[in-house]
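Colleague: Contents of target02.cif (mmCIF, C-alpha atoms) are given next:
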data_start
loop_
_atom_site.label_atom_id
_atom_site.label_comp_id
_atom_site.auth_asym_id
_atom_site.auth_seq_id
_atom_site.Cartn_x
_atom_site.Cartn_y
_atom_site.Cartn_z
CA MET A 25 48.10 25.56 26.66
CA THR A 26 49.74 24.94 30.03
CA THR A 27 52.24 27.30 31.60
CA ARG A 28 55.05 24.74 31.31
CA LEU A 29 54.37 24.20 27.61
CA LYS A 30 54.35 27.96 27.03
CA THR A 31 57.68 28.24 28.82
CA VAL A 32 59.23 25.45 26.75
CA LEU A 33 57.89 26.97 23.53
CA GLY A 34 59.22 30.39 24.52
CA LEU A 35 62.66 29.00 25.29
CA LEU A 36 62.71 27.10 21.98
CA LEU A 37 61.82 30.21 19.96
CA THR A 38 64.38 32.25 21.89
CA ALA A 39 67.06 29.66 21.17
CA ILE A 40 66.22 29.73 17.45
CA MET A 41 66.43 33.52 17.34
CA LEU A 42 69.69 33.61 19.30
CA PHE A 43 71.38 30.79 17.35
CA PRO A 44 72.96 33.21 14.79
CA VAL A 45 74.55 35.07 17.72
CA TYR A 46 75.91 31.82 19.12
CA TRP A 47 77.23 30.81 15.70
CA MET A 48 78.95 34.19 15.34
CA LEU A 49 80.77 33.58 18.64
CA ASN A 50 81.56 29.99 17.66
CA VAL A 51 83.13 31.00 14.34
CA SER A 52 85.04 33.86 16.00
CA LEU A 53 86.86 31.25 18.12
CA THR A 54 87.47 28.75 15.29
CA ARG A 55 90.83 28.29 13.59
CA ASP A 56 91.15 29.00 9.87
CA GLN A 57 92.00 25.35 9.07
CA ASP A 58 88.84 24.18 10.87
CA MET A 59 86.58 26.65 9.13
CA ARG A 60 85.57 24.42 6.20
CA LYS A 61 84.97 21.18 8.10
CA SER A 62 81.90 19.22 7.08
CA PRO A 63 79.89 18.93 9.18
CA PRO A 64 81.05 22.01 11.13
CA ASP A 65 81.79 21.81 14.84
CA LEU A 66 79.02 23.01 17.11
CA PHE A 67 81.75 23.91 19.59
CA PRO A 68 85.29 25.04 18.70
CA ALA A 69 87.46 21.92 18.86
CA HIS A 70 90.64 24.02 19.07
CA PRO A 71 89.54 27.50 20.18
CA THR A 72 91.74 30.44 19.21
CA LEU A 73 91.76 34.18 19.90
CA GLU A 74 93.36 35.10 16.57
CA GLY A 75 90.21 36.85 15.44
CA TYR A 76 90.07 38.99 18.58
CA ARG A 77 93.76 39.83 18.26
CA ALA A 78 92.97 41.10 14.77
CA VAL A 79 90.25 43.30 16.27
CA ILE A 80 92.70 44.85 18.74
CA ASP A 81 95.46 45.26 16.15
CA GLN A 82 93.38 46.49 13.20
CA GLN A 83 89.83 47.47 14.09
CA LEU A 84 90.09 49.90 17.02
CA PRO A 85 90.37 53.00 14.77
CA TYR A 86 87.21 51.93 12.92
CA LEU A 87 85.40 51.41 16.24
CA GLY A 88 86.50 54.85 17.41
CA THR A 89 85.25 56.45 14.21
CA SER A 90 81.89 54.69 14.52
CA LEU A 91 81.58 55.90 18.12
CA VAL A 92 82.24 59.51 17.10
CA ILE A 93 79.75 59.26 14.23
CA GLY A 94 77.14 57.63 16.46
CA LEU A 95 77.40 60.26 19.20
CA GLY A 96 77.43 63.06 16.64
CA THR A 97 74.33 61.65 14.98
CA VAL A 98 72.56 61.45 18.35
CA ALA A 99 73.43 65.05 19.21
CA LEU A 100 72.36 66.44 15.82
CA THR A 101 69.16 64.38 15.73
CA VAL A 102 68.01 65.45 19.19
CA ALA A 103 68.98 69.08 18.53
CA LEU A 104 66.84 69.19 15.37
CA ALA A 105 63.98 66.85 16.22
CA ALA A 106 63.14 67.92 19.79
CA PRO A 107 62.26 71.56 18.93
CA ALA A 108 60.43 70.38 15.81
CA GLY A 109 58.38 67.90 17.82
CA TYR A 110 57.58 70.57 20.40
CA ALA A 111 56.43 72.97 17.70
CA LEU A 112 54.19 70.37 16.05
CA ALA A 113 52.76 69.17 19.37
CA LYS A 114 52.17 72.44 21.22
CA LEU A 115 52.65 75.46 18.97
CA ARG A 116 50.38 74.11 16.21
CA PRO A 117 52.03 75.80 13.22
CA ARG A 118 50.11 76.21 10.00
CA GLY A 119 50.71 73.23 7.74
CA GLY A 120 51.78 71.01 10.64
CA GLY A 121 49.67 68.10 9.41
CA ILE A 122 51.26 68.24 5.97
CA LEU A 123 54.72 68.38 7.53
CA SER A 124 53.97 65.30 9.63
CA PHE A 125 52.89 63.45 6.48
CA VAL A 126 56.07 64.53 4.69
CA LEU A 127 58.18 63.25 7.59
CA LEU A 128 56.35 59.93 7.45
CA ALA A 129 56.84 59.67 3.70
CA ALA A 130 60.54 60.57 4.03
CA GLN A 131 61.14 57.33 5.91
CA MET A 132 60.03 55.38 2.83
CA ILE A 133 62.76 56.76 0.56
CA PRO A 134 65.37 54.03 -0.17
CA GLY A 135 68.71 54.75 1.43
CA ILE A 136 70.67 54.20 -1.79
CA ILE A 137 68.75 57.03 -3.48
CA MET A 138 69.58 59.38 -0.63
CA ALA A 139 73.21 58.24 -0.73
CA MET A 140 73.50 59.14 -4.40
CA GLY A 141 72.04 62.57 -3.71
CA PHE A 142 74.45 63.14 -0.83
CA TYR A 143 77.35 62.02 -3.00
CA ALA A 144 76.61 64.67 -5.63
CA ILE A 145 76.23 67.38 -2.98
CA TYR A 146 79.28 66.36 -0.96
CA LEU A 147 81.38 66.21 -4.11
CA GLN A 148 80.72 69.91 -4.62
CA LEU A 149 81.17 70.83 -0.95
CA GLY A 150 84.29 68.74 -0.34
CA LEU A 151 82.65 66.66 2.40
CA LEU A 152 83.30 63.22 0.93
CA GLN A 153 85.25 60.85 3.22
CA SER A 154 84.61 63.07 6.23
CA VAL A 155 83.11 62.36 9.65
CA PRO A 156 80.82 65.44 9.62
CA GLY A 157 79.44 64.37 6.26
CA LEU A 158 78.51 60.94 7.61
CA ILE A 159 76.94 62.46 10.72
CA VAL A 160 74.67 64.67 8.60
CA ALA A 161 73.78 61.80 6.27
CA ASP A 162 72.96 59.39 9.09
CA SER A 163 70.87 62.07 10.80
CA THR A 164 68.56 62.24 7.80
CA LEU A 165 67.45 58.70 8.60
CA ALA A 166 66.84 59.42 12.27
CA VAL A 167 65.30 62.92 12.25
CA PRO A 168 61.91 62.09 10.64
CA PHE A 169 61.35 59.20 13.04
CA ALA A 170 62.57 61.31 15.96
CA VAL A 171 60.21 64.19 15.19
CA LEU A 172 57.23 61.83 15.15
CA ILE A 173 58.29 60.29 18.48
CA PHE A 174 58.77 63.69 20.10
CA THR A 175 55.47 64.95 18.73
CA ALA A 176 53.56 61.96 20.11
CA PHE A 177 55.19 62.25 23.52
CA MET A 178 54.97 66.02 23.90
CA SER A 179 51.31 66.01 22.88
CA GLY A 180 50.61 64.23 26.17
CA ILE A 181 52.22 66.94 28.33
CA PRO A 182 49.43 68.86 30.14
CA GLY A 183 48.79 72.28 28.68
CA GLU A 184 48.35 73.67 32.19
CA LEU A 185 52.08 73.28 32.82
CA LEU A 186 52.92 75.32 29.76
CA GLN A 187 50.36 77.97 30.69
CA ALA A 188 51.84 78.17 34.20
CA ALA A 189 55.28 78.75 32.68
CA GLN A 190 53.88 81.49 30.46
CA VAL A 191 52.24 83.15 33.47
CA ASP A 192 55.66 83.17 35.15
CA GLY A 193 57.04 85.04 32.14
CA ALA A 194 58.67 82.17 30.23
CA ARG A 195 58.53 82.42 26.46
CA ALA A 196 58.25 79.48 24.09
CA LEU A 197 62.00 78.72 24.01
CA ARG A 198 62.39 78.92 27.79
CA THR A 199 59.27 76.79 28.28
CA PHE A 200 60.67 74.18 25.93
CA TRP A 201 64.09 74.10 27.61
CA SER A 202 62.99 74.26 31.25
CA VAL A 203 59.66 72.41 31.23
CA VAL A 204 59.06 70.31 28.13
CA LEU A 205 62.53 68.84 27.56
CA PRO A 206 63.08 67.59 31.15
CA MET A 207 59.66 65.92 31.05
CA SER A 208 60.52 64.24 27.75
CA ARG A 209 63.39 62.15 29.12
CA ASN A 210 61.92 58.85 27.91
CA SER A 211 61.48 60.10 24.36
CA VAL A 212 64.98 61.63 24.35
CA VAL A 213 66.48 58.28 25.38
CA THR A 214 64.38 56.44 22.78
CA VAL A 215 65.38 58.78 19.96
CA SER A 216 69.03 58.73 21.03
CA LEU A 217 69.10 54.94 21.06
CA PHE A 218 67.57 54.51 17.62
CA ALA A 219 69.74 57.26 16.12
CA PHE A 220 72.87 55.63 17.55
CA LEU A 221 71.89 52.16 16.32
CA TRP A 222 71.10 53.42 12.81
CA SER A 223 74.42 55.22 12.50
CA TRP A 224 76.37 52.37 14.12
CA SER A 225 75.02 49.79 11.66
CA ASP A 226 74.98 51.98 8.54
CA PHE A 227 76.74 50.55 5.51
CA ILE A 228 75.14 52.28 2.51
CA PHE A 229 76.11 55.83 3.45
CA ALA A 230 79.50 54.67 4.76
CA SER A 231 80.47 52.80 1.61
CA THR A 232 79.17 55.56 -0.68
CA LEU A 233 80.40 58.64 1.16
CA ALA A 234 83.42 57.46 3.16
CA GLY A 235 84.82 54.44 1.31
CA GLY A 236 88.59 54.64 0.87
CA GLY A 237 88.97 57.58 3.24
CA ALA A 238 91.03 57.97 6.38
CA HIS A 239 87.99 57.82 8.66
CA GLU A 240 85.89 54.73 7.99
CA PRO A 241 83.33 53.24 10.40
CA ILE A 242 83.37 49.68 11.68
CA THR A 243 80.98 48.41 8.99
CA LEU A 244 83.67 49.15 6.40
CA GLY A 245 86.35 47.80 8.71
CA ILE A 246 84.60 44.41 8.70
CA TYR A 247 84.15 44.58 4.94
CA HIS A 248 87.92 44.92 4.42
CA TYR A 249 88.35 41.34 5.59
CA ILE A 250 86.34 40.04 2.62
CA GLY A 251 88.31 39.60 -0.60
CA ASN A 252 88.00 37.64 -3.82
CA ASN A 253 90.22 34.79 -2.65
CA ASN A 254 90.38 35.29 1.11
CA GLN A 255 87.68 35.57 3.74
CA GLN A 256 88.97 35.83 7.31
CA TRP A 257 85.80 34.56 8.90
CA ASN A 258 87.10 34.30 12.43
CA ALA A 259 88.27 37.92 12.28
CA ILE A 260 85.00 38.97 10.67
CA MET A 261 82.92 37.31 13.36
CA ALA A 262 85.17 38.52 16.17
CA THR A 263 84.84 42.09 14.91
CA ALA A 264 81.08 41.67 14.62
CA ALA A 265 80.92 40.35 18.18
CA VAL A 266 82.94 43.26 19.57
CA ALA A 267 80.95 45.77 17.49
CA SER A 268 77.72 44.36 18.90
CA LEU A 269 78.72 45.04 22.50
CA PRO A 270 78.12 48.83 22.66
CA ALA A 271 74.68 48.55 21.07
CA THR A 272 73.75 45.62 23.32
CA VAL A 273 74.84 47.38 26.51
CA ILE A 274 73.05 50.60 25.59
CA LEU A 275 69.87 48.72 24.66
CA VAL A 276 69.84 46.81 27.97
CA LEU A 277 70.42 49.96 30.03
CA ALA A 278 67.83 52.01 28.15
CA GLN A 279 65.17 49.31 27.77
CA ARG A 280 62.61 50.71 30.21
CA TYR A 281 62.97 54.24 28.82
CA VAL A 282 62.55 52.94 25.27
CA ALA A 283 59.37 51.06 26.14
CA ALA A 284 57.86 54.21 27.64
CA GLY A 285 59.06 56.43 24.80
CA VAL A 286 57.79 54.26 21.96
CA THR A 287 54.31 53.85 23.47
CA ALA A 288 53.99 57.54 24.33
CA GLY A 289 50.89 59.07 22.82
CA ALA A 290 49.35 55.69 22.00
CA VAL A 291 46.61 56.13 24.59
CA LYS A 292 44.70 59.33 25.19
CA ASP A 293 42.65 60.13 28.27
#
Could you express the structure from this file as structure tokens?

Modeller:
Amino acid sequence: MTTRLKTVLGLLLTAIMLFPVYWMLNVSLTRDQDMRKSPPDLFPAHPTLEGYRAVIDQQLPYLGTSLVIGLGTVALTVALAAPAGYALAKLRPRGGGILSFVLLAAQMIPGIIMAMGFYAIYLQLGLLQSVPGLIVADSTLAVPFAVLIFTAFMSGIPGELLQAAQVDGARALRTFWSVVLPMSRNSVVTVSLFAFLWSWSDFIFASTLAGGGAHEPITLGIYHYIGNNNQQWNAIMATAAVASLPATVILVLAQRYVAAGVTAGAVKD
């Protein structure tokens, strides 16, 4: 296969994969009266910003709530998973292999089952329809994956560095904070990105644990536009386009760190 043919094929596949994104932007600029045209317009014949005005007027509180939940999920995930990964990778606790298997199996539990369990617990604790409750729930999705990433990355840190820190009088906690964590920047960025994306796009936990409350994330904000007899598709797509921007920007900025963090531990010398 020639280089030119490969390029054309690559561009064609890229266009197919990106077409839903284009259609989202197209619909977000389409007037309500043009929404049901058959065949639909490939380009907005009479573009409008009504959908984006609805985002500014109605959706900013939901975006703010999602941002707080996302950042809180990142902080809690890194705070729990980084020490756990360090312990599994370097301290070799008894039963570490079993714990790693449990963390792997935990990622296979359907989210709706976990949501029902959280609902029963939060009902007793009074955490329903609260931001801290959603942060804890979303962290349960990210922590098992994060521990495995940290374990794989930290296993590749030379033991001589840790021994040198111990010779200088640093204990396990100081060694982790001053030596291991700074060297694990790529894995920290990788874990933070995935934790943020999971919490930002979560709908199951949000609808189960925060539906009808004063602090709802953007996934529920979009859902409010959908009714039995009315679907504001331009507002829906405009909100989806705006909600995609933070994740897209973060992914572009963190791309090289993510590539290094995901492949960490894949090759051993």

Colleague: Neighbouring residues of Thr232 of chain A were defined as those with any atom within 10 Å, considering only C-alpha atoms; residues of the same chain fewer than 3 positions away were excluded. Please report them as an MDAnalysis selection string.

Modeller: chainID A and resid 136 139:140 142:143 152:153 158 227:229 235:236

Colleague: Write out, as a PDB file, keeping the file's coordinate frame, the residues just selected, with C-alpha atoms.

Modeller:
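Once everything was written out, this is out05.pdb:
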ATOM      1  CA  ILE A 136      70.670  54.200  -1.790  1.00  0.00           C
ATOM      2  CA  ALA A 139      73.210  58.240  -0.730  1.00  0.00           C
ATOM      3  CA  MET A 140      73.500  59.140  -4.400  1.00  0.00           C
ATOM      4  CA  PHE A 142      74.450  63.140  -0.830  1.00  0.00           C
ATOM      5  CA  TYR A 143      77.350  62.020  -3.000  1.00  0.00           C
ATOM      6  CA  LEU A 152      83.300  63.220   0.930  1.00  0.00           C
ATOM      7  CA  GLN A 153      85.250  60.850   3.220  1.00  0.00           C
ATOM      8  CA  LEU A 158      78.510  60.940   7.610  1.00  0.00           C
ATOM      9  CA  PHE A 227      76.740  50.550   5.510  1.00  0.00           C
ATOM     10  CA  ILE A 228      75.140  52.280   2.510  1.00  0.00           C
ATOM     11  CA  PHE A 229      76.110  55.830   3.450  1.00  0.00           C
ATOM     12  CA  GLY A 235      84.820  54.440   1.310  1.00  0.00           C
ATOM     13  CA  GLY A 236      88.590  54.640   0.870  1.00  0.00           C
TER      14      GLY A 236
END

Colleague: Go through the shown structure with the PyMOL selection byres ((chain A and resi 104) around 10) and write out the matching residues as a list in words.

Modeller: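 After applying the PyMOL selection byres ((chain A and resi 104) around 10), what remains is Ala99, Leu100, Thr101, Val102, Ala103, Ala105, Ala106, Pro107, Ala108, Gly109, Ser163, Val167, Pro168, Ala170 and Val171 of chain A.
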
Colleague: Taking only C-alpha atoms into account, name the residue in A:Gln131, A:Ser268, A:Thr97, A:Thr26 that is nearest to Ala219 of chain A.

Modeller: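 Selected residue with least distance to Ala219 of chain A: A:Thr97.
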
Colleague: Restricting the calculation to only C-alpha atoms, which member of A:Val204, A:Ala176, A:Ala161, A:Val212 is positioned closest to Tyr146 of chain A?

Modeller: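 Of the candidates, the smallest distance to Tyr146 of chain A is held by A:Ala161.
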
Colleague: Go through the shown structure with the PyMOL selection byres ((chain A and resi 221-223) around 8) and write out the matching residues as a PyMOL selection string.

Modeller: chain A and resi 90+93-94+97+159+162-163+165-166+217-220+224-226+271

Colleague: Pull C-alpha atoms from the residues just selected and write them as a PDB file, in the coordinates of the input.

Modeller:
ATOM      1  CA  SER A  90      81.890  54.690  14.520  1.00  0.00           C
ATOM      2  CA  ILE A  93      79.750  59.260  14.230  1.00  0.00           C
ATOM      3  CA  GLY A  94      77.140  57.630  16.460  1.00  0.00           C
ATOM      4  CA  THR A  97      74.330  61.650  14.980  1.00  0.00           C
ATOM      5  CA  ILE A 159      76.940  62.460  10.720  1.00  0.00           C
ATOM      6  CA  ASP A 162      72.960  59.390   9.090  1.00  0.00           C
ATOM      7  CA  SER A 163      70.870  62.070  10.800  1.00  0.00           C
ATOM      8  CA  LEU A 165      67.450  58.700   8.600  1.00  0.00           C
ATOM      9  CA  ALA A 166      66.840  59.420  12.270  1.00  0.00           C
ATOM     10  CA  LEU A 217      69.100  54.940  21.060  1.00  0.00           C
ATOM     11  CA  PHE A 218      67.570  54.510  17.620  1.00  0.00           C
ATOM     12  CA  ALA A 219      69.740  57.260  16.120  1.00  0.00           C
ATOM     13  CA  PHE A 220      72.870  55.630  17.550  1.00  0.00           C
ATOM     14  CA  TRP A 224      76.370  52.370  14.120  1.00  0.00           C
ATOM     15  CA  SER A 225      75.020  49.790  11.660  1.00  0.00           C
ATOM     16  CA  ASP A 226      74.980  51.980   8.540  1.00  0.00           C
ATOM     17  CA  ALA A 271      74.680  48.550  21.070  1.00  0.00           C
TER      18      ALA A 271
END

Colleague: So how far away is atom CA of Tyr247 of chain A from atom CA of Val51 of chain A, in Å?

Modeller: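 Rounded to one decimal, the two atoms are 16.5 Å apart.
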
Colleague: For Ile242 of chain A, please output as number ranges by chain all residues within 8 Å (counting only C-alpha atoms; exclusion window: fewer than 3 positions along the same chain).

Modeller: A: 83, 86-87, 89-90, 224, 245-246, 267
